[in-house]
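Everything below concerns the one structure shown next.
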Amino acid sequence: MHGTYKPLWLTQSGDLEVIDQRYLPHENKTRLLKSGADATEAIADMTVRGAGVIGNVAAFGVYLLAREFGNDTERILQGAQKIRSSRPTAVNLMWAVDRMLEVVRNSTNVVKDTKAEAILICDEDVQRSQMIAKLGCDIIEDIMKKNKLSSFHILTHCNAGWLAIIDDGTALAPIYEAQRRGIDIHVWVDETRPRNQGANLTSWELSQAGINHTVIADNTGGHLMQHKMVDMVITGADRVTACGDAANKIGTYLKALAAKDNDIPFYIALPLSTFDFESCDGIKDIEIEVRSEDEIHMMRGIDTHGQIQEIRITPRNAKGLNYGFDVTPARLITALITEAGVIEPNKEAIMSLI
Ligand code: MRU
């Protein structure tokens with residue numbers, strides 16, 4: 001149906017329904033978003049997450065605001081500002097809101113036009129993801145040919161599949177494509193502490209698709225690389241600067257360092273909407289989200305009786321510090337896989353995209 005995508009869809013009554021990612025993999029729940037405030041909350045509380053899907057929900061959030069406030073542009077702008085600041089690092093959020101506000105400012109039928117634009121953004125993401133799948137899988141085939149491999153071991157961090165960007169994600173898109181092409185592929189899935197997006201979400205996605213994978217503790221990747229058990233590393237990104245520095249889930253930088261030290265290709269897959277063309281030095285310029293220390297102290301899971309439990313793993317008075325992202329400098333990145341082509345992570349190549 002028009003406006004229907006795997007992680008989110010419009011209902012008959014025009015609300016937005018989303019998979020509530022906080023409950024995966026043990027419970028399948030959805031959440032109905034009926035207003036701009038609902039969209040803001042769903043992004044802030046991680047009901048939805050992943051740069052692309054955050055942008056999609058933000059876009060539909062502006063449509064929900066238009067439905068609430070009609071021709072009262074001022075109130076739509078105020079609500080959109082709240083959506084725009086619901087999380088700081090993923091630039092797709094700001095990109096999507098700004099694109100929607102262009103429509104609000106120029107429209108004579110704001111409800112119809114914002115709905116159409118939000119659907120268009122999602123439809124474009126489907127195309128972007130398909131292109132990234134193809135170009136990324138061509139790289140997998142090239143490496144296999146060059147190294148005479150009959151099977152391929154790829155390591156990924158966090159979740160950059162269809163829960164994070166429709167339709168097959170970014171980093172996982174070439175993996176889904178490899179499965180379609182009949183390649184014998186195996187994925188090392190970093191658990192991705194503290195929220196465990198790898199263990200909870202990537203592993204769930206790959207299980208659903210029947211893709212061979214193994215969840216590993218975040219600290220394991222370097223050891224695997226030293227023992228030639230990884231042929232390629234691929235992750236998504238939340239913001240990539242015009243000079244090619246990439247912000248992604250905390251811990252990505254350490255994987256890039258280990259990959260460099262072991263001569264293993266390290267790729268970032270991203271749509272053009274993840275570039276921040278205004279910034280260059282990612283370490284200085286990108287705002288890194290600092291999240292609640294509760295995510296360090298607490299773990300959620302299912303016990304041996306099948307009951308969902310939340311438990312504390314640190315002493316009651318321990319302090320925690322929880323940075324959500326880190327920046328991988330361009331010098332550690334082999335190439336950027338975008339829908340417009342595979343490019344070197346440098347200013348000349350990136351600016352040529354626009
Ligand atoms: O905090 P999250 O779960 O929103 O972080 C998500 C990631 O870091 C993904 O790797 C990133 O968004 C790229 S996928 C589009």
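Letters A, B, ... mark the chains of the structure tokens in the order given; residue numbers begin at 1 per chain; ligand numbers begin at 1, in order shown.
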
For the alpha helix (DSSP H) assignment from backbone DSSP, which residues of stretch 73-290 of chain A qualify? Please present them as a VMD selection string. chain A and resid 73 to 84 91 to 106 110 to 146 173 to 180 197 203 to 209 221 to 226 252 to 261 282 to 285

Report as a Markdown table: every residue of chain A with an atom at most 7 Å from ligand 1, its closest pair of atoms, and their distance in Å to one decimal, counting only C-alpha atoms and all ligand atoms, with rows sorted by chain and ascending residue number.
| residue | atom | partner | partner_atom_place_in_ligand_line | distance |
| --- | --- | --- | --- | --- |
| A:Arg49 | CA | ligand 1 | 4 (O) | 3.9 |
| A:Gly50 | CA | ligand 1 | 12 (O) | 3.5 |
| A:Ala51 | CA | ligand 1 | 12 (O) | 3.8 |
| A:Gly52 | CA | ligand 1 | 15 (C) | 4.8 |
| A:Ala90 | CA | ligand 1 | 12 (O) | 6.7 |
| A:His157 | CA | ligand 1 | 10 (O) | 6.8 |
| A:Cys158 | CA | ligand 1 | 10 (O) | 5.1 |
| A:Asn159 | CA | ligand 1 | 10 (O) | 5.2 |
| A:Ala160 | CA | ligand 1 | 14 (S) | 3.6 |
| A:Gly161 | CA | ligand 1 | 14 (S) | 6.6 |
| A:Ala164 | CA | ligand 1 | 15 (C) | 4.8 |
| A:Ile165 | CA | ligand 1 | 15 (C) | 5.0 |
| A:Gly169 | CA | ligand 1 | 15 (C) | 6.4 |
| A:Thr170 | CA | ligand 1 | 15 (C) | 6.0 |
| A:Gln197 | CA | ligand 1 | 3 (O) | 6.2 |
| A:Thr235 | CA | ligand 1 | 10 (O) | 6.2 |
| A:Gly236 | CA | ligand 1 | 13 (C) | 3.8 |
| A:Ala237 | CA | ligand 1 | 13 (C) | 4.1 |
| A:Asp238 | CA | ligand 1 | 12 (O) | 4.8 |
| A:Asn248 | CA | ligand 1 | 8 (O) | 4.6 |
| A:Lys249 | CA | ligand 1 | 8 (O) | 3.7 |
| A:Leu270 | CA | ligand 1 | 15 (C) | 6.9 |
| A:Gly324 | CA | ligand 1 | 1 (O) | 6.2 |
| A:Phe325 | CA | ligand 1 | 8 (O) | 6.8 |

May I have the selected residues written with C-alpha atoms, as a CSV table (one decimal), in the first residue's frame?
chain,number,residue,atom,x,y,z
A,49,ARG,CA,16.1,4.8,15.9
A,50,GLY,CA,18.7,4.6,13.1
A,51,ALA,CA,19.5,7.7,11.1
A,52,GLY,CA,17.2,7.0,8.1
A,90,ALA,CA,21.9,11.9,13.0
A,157,HIS,CA,28.5,-2.6,14.2
A,158,CYS,CA,25.1,-1.4,15.6
A,159,ASN,CA,22.1,-1.8,13.3
A,160,ALA,CA,22.1,-0.4,9.8
A,161,GLY,CA,19.4,-2.7,8.4
A,164,ALA,CA,17.3,1.9,10.6
A,165,ILE,CA,16.8,2.9,7.0
A,169,GLY,CA,19.2,-0.5,5.3
A,170,THR,CA,22.7,0.8,4.4
A,197,GLN,CA,21.4,-2.7,18.8
A,235,THR,CA,28.9,0.1,9.0
A,236,GLY,CA,26.3,2.8,8.5
A,237,ALA,CA,26.7,6.4,9.6
A,238,ASP,CA,24.7,9.1,11.3
A,248,ASN,CA,28.4,6.3,13.9
A,249,LYS,CA,27.5,4.3,16.9
A,270,LEU,CA,25.2,5.9,3.6
A,324,GLY,CA,26.1,7.6,21.9
A,325,PHE,CA,28.5,8.0,18.9

Restricting the calculation to only C-alpha atoms, which member of A:Leu155, A:Ile175, A:Met299, A:Ala209 is positioned closest to A:Pro194?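 Smallest separation from A:Pro194 among the options: A:Met299.
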
Can you work out which one of A:Ala80, A:Ile337, A:Leu163, A:Leu10 has the shortest atom-to-atom distance to A:Lys115, counting only C-alpha atoms?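 So, comparing all the options, the nearest one is A:Leu10.
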
Choose the residue, out of A:Ile139, A:Leu33, A:Ala246, A:Ile286, that has the smallest atom-to-atom separation from A:Asn346; count only C-alpha atoms.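 Ranking A:Ile139, A:Leu33, A:Ala246, A:Ile286 by distance to A:Asn346, first place goes to A:Ala246.
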
Extract the full set of strand (DSSP E) residues from stretch 160-310 of chain A according to DSSP on the backbone, and format it as a ChimeraX atom specification. /A:185-190,213-216,232-235,239-241,246-249,266-269,275-276,298-302,308-310

Restricting the calculation to only C-alpha atoms: of A:Ser273, A:Gln309, A:Thr328, A:Gln208, which residue gets closest to A:Asp125? A:Ser273

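Nearest residue to A:Ile264, choosing from A:His305, A:Val327, A:Ile154, A:Cys280 and counting only C-alpha atoms: A:Ile154.
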
Contacts of stretch 199-205 of chain A at 10 Å (only C-alpha atoms; same-chain gap of 2+ positions) as a PyMOL selection string: chain A and resi 21-26+156-164+168+172+187-193+195-197+207-217+301

Output N, CA and C atoms for every residue in the selection just made, as a short mmCIF file (atom, residue, chain, number, x, y, z; two decimals), in the first residue's frame.
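What landed in again.cif:
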data_model
loop_
_atom_site.label_atom_id
_atom_site.label_comp_id
_atom_site.auth_asym_id
_atom_site.auth_seq_id
_atom_site.Cartn_x
_atom_site.Cartn_y
_atom_site.Cartn_z
N GLN A 21 10.88 -0.35 18.46
CA GLN A 21 12.15 -1.09 18.46
C GLN A 21 12.71 -1.32 19.86
N ARG A 22 12.11 -0.68 20.86
CA ARG A 22 12.61 -0.87 22.23
C ARG A 22 12.34 -2.28 22.74
N TYR A 23 11.37 -2.96 22.11
CA TYR A 23 10.97 -4.27 22.64
C TYR A 23 11.56 -5.46 21.89
N LEU A 24 12.16 -5.19 20.72
CA LEU A 24 12.75 -6.30 19.96
C LEU A 24 14.01 -6.80 20.67
N PRO A 25 14.38 -8.07 20.57
CA PRO A 25 13.79 -9.09 19.71
C PRO A 25 12.74 -9.96 20.41
N HIS A 26 12.49 -9.69 21.71
CA HIS A 26 11.67 -10.63 22.47
C HIS A 26 10.18 -10.36 22.36
N THR A 156 29.91 -6.14 11.18
CA THR A 156 29.15 -4.89 11.24
C THR A 156 28.91 -4.49 12.69
N HIS A 157 28.68 -3.19 12.87
CA HIS A 157 28.50 -2.63 14.21
C HIS A 157 27.14 -1.93 14.26
N CYS A 158 26.45 -2.06 15.39
CA CYS A 158 25.13 -1.43 15.59
C CYS A 158 24.10 -2.06 14.65
N ASN A 159 23.07 -1.30 14.30
CA ASN A 159 22.08 -1.80 13.34
C ASN A 159 21.91 -0.79 12.22
N ALA A 160 22.28 -1.20 11.02
CA ALA A 160 22.08 -0.36 9.84
C ALA A 160 21.32 -1.18 8.80
N GLY A 161 20.29 -1.88 9.27
CA GLY A 161 19.42 -2.66 8.38
C GLY A 161 18.11 -1.93 8.16
N TRP A 162 17.06 -2.70 7.84
CA TRP A 162 15.78 -2.04 7.49
C TRP A 162 15.07 -1.42 8.68
N LEU A 163 15.50 -1.76 9.89
CA LEU A 163 14.94 -1.06 11.05
C LEU A 163 15.51 0.35 11.15
N ALA A 164 16.64 0.57 10.48
CA ALA A 164 17.34 1.86 10.59
C ALA A 164 17.17 2.73 9.35
N ASP A 168 16.23 -1.87 2.77
CA ASP A 168 17.11 -2.94 3.24
C ASP A 168 18.23 -2.38 4.10
N LEU A 172 23.60 -3.19 5.98
CA LEU A 172 23.10 -4.55 5.77
C LEU A 172 22.60 -4.78 4.34
N VAL A 187 27.99 -13.18 8.86
CA VAL A 187 28.11 -11.84 9.44
C VAL A 187 28.53 -11.94 10.91
N TRP A 188 29.60 -11.22 11.26
CA TRP A 188 29.95 -11.03 12.68
C TRP A 188 29.18 -9.82 13.16
N VAL A 189 28.32 -10.01 14.15
CA VAL A 189 27.46 -8.93 14.63
C VAL A 189 27.98 -8.43 15.98
N ASP A 190 28.53 -7.21 16.01
CA ASP A 190 28.94 -6.63 17.30
C ASP A 190 27.68 -6.42 18.16
N GLU A 191 27.77 -6.81 19.41
CA GLU A 191 26.58 -6.65 20.27
C GLU A 191 26.15 -5.18 20.39
N THR A 192 27.16 -4.27 20.43
CA THR A 192 26.93 -2.82 20.43
C THR A 192 26.34 -2.31 21.74
N ARG A 193 27.12 -2.48 22.77
CA ARG A 193 26.79 -1.89 24.07
C ARG A 193 26.79 -0.37 23.94
N ARG A 195 23.27 -0.11 24.30
CA ARG A 195 21.86 -0.44 24.05
C ARG A 195 21.68 -1.75 23.29
N ASN A 196 22.81 -2.31 22.85
CA ASN A 196 22.76 -3.64 22.21
C ASN A 196 21.97 -3.70 20.90
N GLN A 197 22.10 -2.67 20.07
CA GLN A 197 21.37 -2.69 18.80
C GLN A 197 21.82 -3.83 17.90
N SER A 207 18.26 -13.03 11.45
CA SER A 207 17.55 -14.29 11.73
C SER A 207 16.29 -14.38 10.88
N GLN A 208 15.54 -13.28 10.81
CA GLN A 208 14.30 -13.26 10.01
C GLN A 208 14.60 -13.61 8.55
N ALA A 209 15.77 -13.15 8.08
CA ALA A 209 16.12 -13.36 6.66
C ALA A 209 16.87 -14.68 6.46
N GLY A 210 17.15 -15.38 7.53
CA GLY A 210 17.88 -16.66 7.42
C GLY A 210 19.32 -16.46 6.99
N ILE A 211 19.93 -15.35 7.43
CA ILE A 211 21.34 -15.09 7.06
C ILE A 211 22.25 -15.55 8.20
N ASN A 212 23.25 -16.34 7.84
CA ASN A 212 24.20 -16.91 8.79
C ASN A 212 24.95 -15.79 9.52
N HIS A 213 24.87 -15.77 10.84
CA HIS A 213 25.57 -14.72 11.58
C HIS A 213 25.91 -15.19 12.98
N THR A 214 26.86 -14.49 13.60
CA THR A 214 27.29 -14.81 14.96
C THR A 214 27.40 -13.51 15.73
N VAL A 215 26.76 -13.44 16.88
CA VAL A 215 26.86 -12.23 17.71
C VAL A 215 28.14 -12.34 18.54
N ILE A 216 28.90 -11.25 18.56
CA ILE A 216 30.15 -11.24 19.34
C ILE A 216 30.15 -10.05 20.30
N ALA A 217 30.88 -10.21 21.40
CA ALA A 217 31.06 -9.08 22.32
C ALA A 217 31.82 -7.98 21.56
N GLY A 301 16.48 -8.00 29.08
CA GLY A 301 16.52 -9.26 28.34
C GLY A 301 15.45 -10.21 28.84
#

Between atom CA of A:Ser35 and atom CA of A:Pro88 - distance in Å to one decimal: 20.9 Å

Taking 4 positions as the minimum chain separation for residues in the same chain, which residues sit within 7 Å of A:Val103 when counting only C-alpha atoms? Answer as a PyMOL selection string. chain A and resi 99+107+113-114

Produce a file of the selected residues containing N, CA and C atoms, as a PDB file, in the first residue's frame.
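What landed in out-v7.pdb:
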ATOM      1  N   ARG A  99      13.533  19.852   4.740  1.00  0.00           N
ATOM      2  CA  ARG A  99      12.887  19.591   3.443  1.00  0.00           C
ATOM      3  C   ARG A  99      11.351  19.692   3.575  1.00  0.00           C
ATOM      4  N   SER A 107       3.156  25.690   0.345  1.00  0.00           N
ATOM      5  CA  SER A 107       1.981  24.897  -0.019  1.00  0.00           C
ATOM      6  C   SER A 107       0.672  25.667   0.164  1.00  0.00           C
ATOM      7  N   ASP A 113       0.052  18.055   0.817  1.00  0.00           N
ATOM      8  CA  ASP A 113       1.414  18.180   0.295  1.00  0.00           C
ATOM      9  C   ASP A 113       2.478  17.613   1.246  1.00  0.00           C
ATOM     10  N   THR A 114       2.283  17.793   2.555  1.00  0.00           N
ATOM     11  CA  THR A 114       3.289  17.239   3.489  1.00  0.00           C
ATOM     12  C   THR A 114       3.210  15.711   3.515  1.00  0.00           C
TER      13      THR A 114
END

With only C-alpha atoms as the atoms that count, which of A:Met225, A:Val230, A:Ile350, A:Cys243 lies nearest to A:Leu272?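 Comparing A:Met225, A:Val230, A:Ile350, A:Cys243 against A:Leu272, the winner is A:Ile350.
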
Considering only C-alpha atoms, return as a list in words whatever protein or nucleic-acid residues lie within 7 Å of stretch 255-257 of chain A, sequence-local ones (same chain, fewer than 6 positions apart) excluded.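 After dropping sequence-adjacent residues, the list is Gly221, Phe266, Thr328 and Leu332 of chain A.
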
Dump as a tab-separated table (two decimals), in the first residue's frame, selection limited to all heavy atoms:
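Resulting contents of out.tsv:
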chain	number	residue	atom	x	y	z
A	221	GLY	N	36.19	-8.08	17.95
A	221	GLY	CA	36.52	-7.83	16.54
A	221	GLY	C	38.01	-7.80	16.24
A	221	GLY	O	38.47	-8.38	15.25
A	266	PHE	N	37.60	-1.21	5.27
A	266	PHE	CA	36.58	-0.68	6.18
A	266	PHE	C	35.69	0.29	5.39
A	266	PHE	O	36.15	1.34	4.95
A	266	PHE	CB	37.25	0.05	7.36
A	266	PHE	CG	36.26	0.62	8.34
A	266	PHE	CD1	35.92	-0.08	9.49
A	266	PHE	CD2	35.65	1.84	8.12
A	266	PHE	CE1	34.99	0.43	10.40
A	266	PHE	CE2	34.72	2.36	9.00
A	266	PHE	CZ	34.40	1.66	10.14
A	328	THR	N	34.85	8.34	13.22
A	328	THR	CA	35.93	7.62	12.54
A	328	THR	C	36.54	8.58	11.51
A	328	THR	O	35.84	9.02	10.58
A	328	THR	CB	35.38	6.36	11.84
A	328	THR	OG1	34.81	5.51	12.83
A	328	THR	CG2	36.48	5.63	11.09
A	332	LEU	N	40.84	6.42	8.02
A	332	LEU	CA	40.66	5.01	8.36
A	332	LEU	C	39.60	4.33	7.49
A	332	LEU	O	39.32	3.14	7.63
A	332	LEU	CB	40.26	4.87	9.84
A	332	LEU	CG	41.25	5.41	10.87
A	332	LEU	CD1	40.69	5.26	12.28
A	332	LEU	CD2	42.60	4.69	10.75

Pick out the residues sitting within 12 Å of A:Asp138, and hand them over as an MDAnalysis selection string; count only C-alpha atoms, and ignore anything fewer than 5 positions along from it in its own chain. chainID A and resid 131:133 143:145 173:175 177:178 181 183 337 341:342

Dump of all heavy atoms for the selected residues, as a compact mmCIF listing (two decimals), in the first residue's frame:
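That gives us out.txt:
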# COMPACT_ATOMS: atom_id res chain seq x y z
N MET A 131 20.29 0.83 -4.42
CA MET A 131 21.54 1.16 -5.11
C MET A 131 22.75 0.79 -4.24
O MET A 131 23.74 0.22 -4.72
CB MET A 131 21.58 2.67 -5.35
CG MET A 131 21.61 3.19 -6.76
SD MET A 131 21.67 2.02 -8.06
CE MET A 131 23.33 2.33 -8.65
N ILE A 132 22.65 1.13 -2.93
CA ILE A 132 23.75 0.80 -1.99
C ILE A 132 23.94 -0.71 -1.92
O ILE A 132 25.06 -1.22 -1.88
CB ILE A 132 23.46 1.43 -0.60
CG1 ILE A 132 23.60 2.95 -0.69
CG2 ILE A 132 24.37 0.85 0.48
CD1 ILE A 132 23.09 3.72 0.52
N ALA A 133 22.82 -1.45 -1.94
CA ALA A 133 22.88 -2.93 -1.91
C ALA A 133 23.71 -3.43 -3.09
O ALA A 133 24.61 -4.26 -2.94
CB ALA A 133 21.47 -3.50 -1.98
N ILE A 143 36.25 -8.35 -3.79
CA ILE A 143 37.21 -8.81 -2.76
C ILE A 143 37.30 -10.34 -2.80
O ILE A 143 38.39 -10.92 -2.69
CB ILE A 143 36.78 -8.32 -1.35
CG1 ILE A 143 36.79 -6.79 -1.27
CG2 ILE A 143 37.69 -8.91 -0.26
CD1 ILE A 143 36.23 -6.21 0.02
N MET A 144 36.17 -10.99 -3.00
CA MET A 144 36.18 -12.47 -3.04
C MET A 144 37.03 -12.96 -4.21
O MET A 144 37.81 -13.91 -4.07
CB MET A 144 34.75 -13.01 -3.17
CG MET A 144 33.93 -12.84 -1.91
SD MET A 144 32.31 -13.57 -2.02
CE MET A 144 32.66 -15.30 -1.76
N LYS A 145 36.87 -12.26 -5.35
CA LYS A 145 37.62 -12.66 -6.54
C LYS A 145 39.13 -12.43 -6.32
O LYS A 145 39.94 -13.32 -6.55
CB LYS A 145 37.15 -11.81 -7.73
CG LYS A 145 37.19 -12.55 -9.05
CD LYS A 145 36.22 -11.92 -10.00
CE LYS A 145 36.83 -11.77 -11.37
NZ LYS A 145 36.07 -10.83 -12.18
N ALA A 173 22.38 -3.70 3.59
CA ALA A 173 21.81 -3.85 2.24
C ALA A 173 22.70 -4.74 1.34
O ALA A 173 22.19 -5.65 0.68
CB ALA A 173 21.57 -2.48 1.60
N PRO A 174 24.04 -4.52 1.32
CA PRO A 174 24.88 -5.40 0.49
C PRO A 174 24.85 -6.86 0.97
O PRO A 174 25.05 -7.78 0.19
CB PRO A 174 26.29 -4.81 0.65
CG PRO A 174 26.07 -3.39 1.08
CD PRO A 174 24.83 -3.42 1.91
N ILE A 175 24.59 -7.04 2.26
CA ILE A 175 24.53 -8.40 2.82
C ILE A 175 23.24 -9.09 2.33
O ILE A 175 23.27 -10.25 1.91
CB ILE A 175 24.61 -8.34 4.36
CG1 ILE A 175 26.00 -7.83 4.77
CG2 ILE A 175 24.29 -9.69 5.00
CD1 ILE A 175 26.15 -7.45 6.23
N GLU A 177 21.75 -8.34 -0.38
CA GLU A 177 21.97 -8.54 -1.82
C GLU A 177 22.87 -9.77 -2.05
O GLU A 177 22.65 -10.54 -2.99
CB GLU A 177 22.60 -7.28 -2.42
CG GLU A 177 22.95 -7.35 -3.90
CD GLU A 177 21.75 -7.48 -4.83
OE1 GLU A 177 20.59 -7.27 -4.39
OE2 GLU A 177 21.98 -7.82 -6.01
N ALA A 178 23.87 -9.93 -1.17
CA ALA A 178 24.76 -11.10 -1.30
C ALA A 178 23.95 -12.38 -1.17
O ALA A 178 24.16 -13.35 -1.90
CB ALA A 178 25.85 -11.03 -0.24
N ARG A 181 22.21 -12.99 -4.33
CA ARG A 181 23.12 -13.45 -5.40
C ARG A 181 23.70 -14.84 -5.11
O ARG A 181 24.56 -15.32 -5.84
CB ARG A 181 24.27 -12.45 -5.58
CG ARG A 181 23.81 -11.11 -6.16
CD ARG A 181 25.02 -10.25 -6.54
NE ARG A 181 24.63 -8.85 -6.71
CZ ARG A 181 25.47 -7.85 -6.96
NH1 ARG A 181 26.76 -8.10 -7.08
NH2 ARG A 181 25.02 -6.61 -7.10
N ILE A 183 25.67 -15.76 -2.62
CA ILE A 183 27.02 -15.76 -2.03
C ILE A 183 26.96 -16.39 -0.64
O ILE A 183 26.02 -16.15 0.13
CB ILE A 183 27.56 -14.31 -1.94
CG1 ILE A 183 27.78 -13.75 -3.36
CG2 ILE A 183 28.84 -14.23 -1.12
CD1 ILE A 183 28.07 -12.27 -3.41
N ILE A 337 30.16 4.09 0.47
CA ILE A 337 29.23 3.51 -0.51
C ILE A 337 27.94 4.32 -0.46
O ILE A 337 27.21 4.29 0.55
CB ILE A 337 28.95 2.02 -0.19
CG1 ILE A 337 30.26 1.24 -0.06
CG2 ILE A 337 28.03 1.41 -1.24
CD1 ILE A 337 30.08 -0.17 0.50
N GLY A 341 27.28 6.35 -6.01
CA GLY A 341 28.54 5.71 -6.39
C GLY A 341 29.40 5.45 -5.16
O GLY A 341 29.10 5.92 -4.06
N VAL A 342 30.49 4.70 -5.39
CA VAL A 342 31.44 4.42 -4.31
C VAL A 342 32.54 5.46 -4.43
O VAL A 342 33.17 5.58 -5.48
CB VAL A 342 32.02 3.00 -4.47
CG1 VAL A 342 33.04 2.70 -3.37
CG2 VAL A 342 30.89 1.96 -4.45

Contact residues around A:Asp123 with only C-alpha atoms at 9 Å, ignoring same-chain residues under 3 positions, as a list in words: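 Here the answer would be Gly3, Tyr5, Ala118, Ile119, Leu120, Val126, Gln127, Arg128, Ile166 and Asp167 of chain A.
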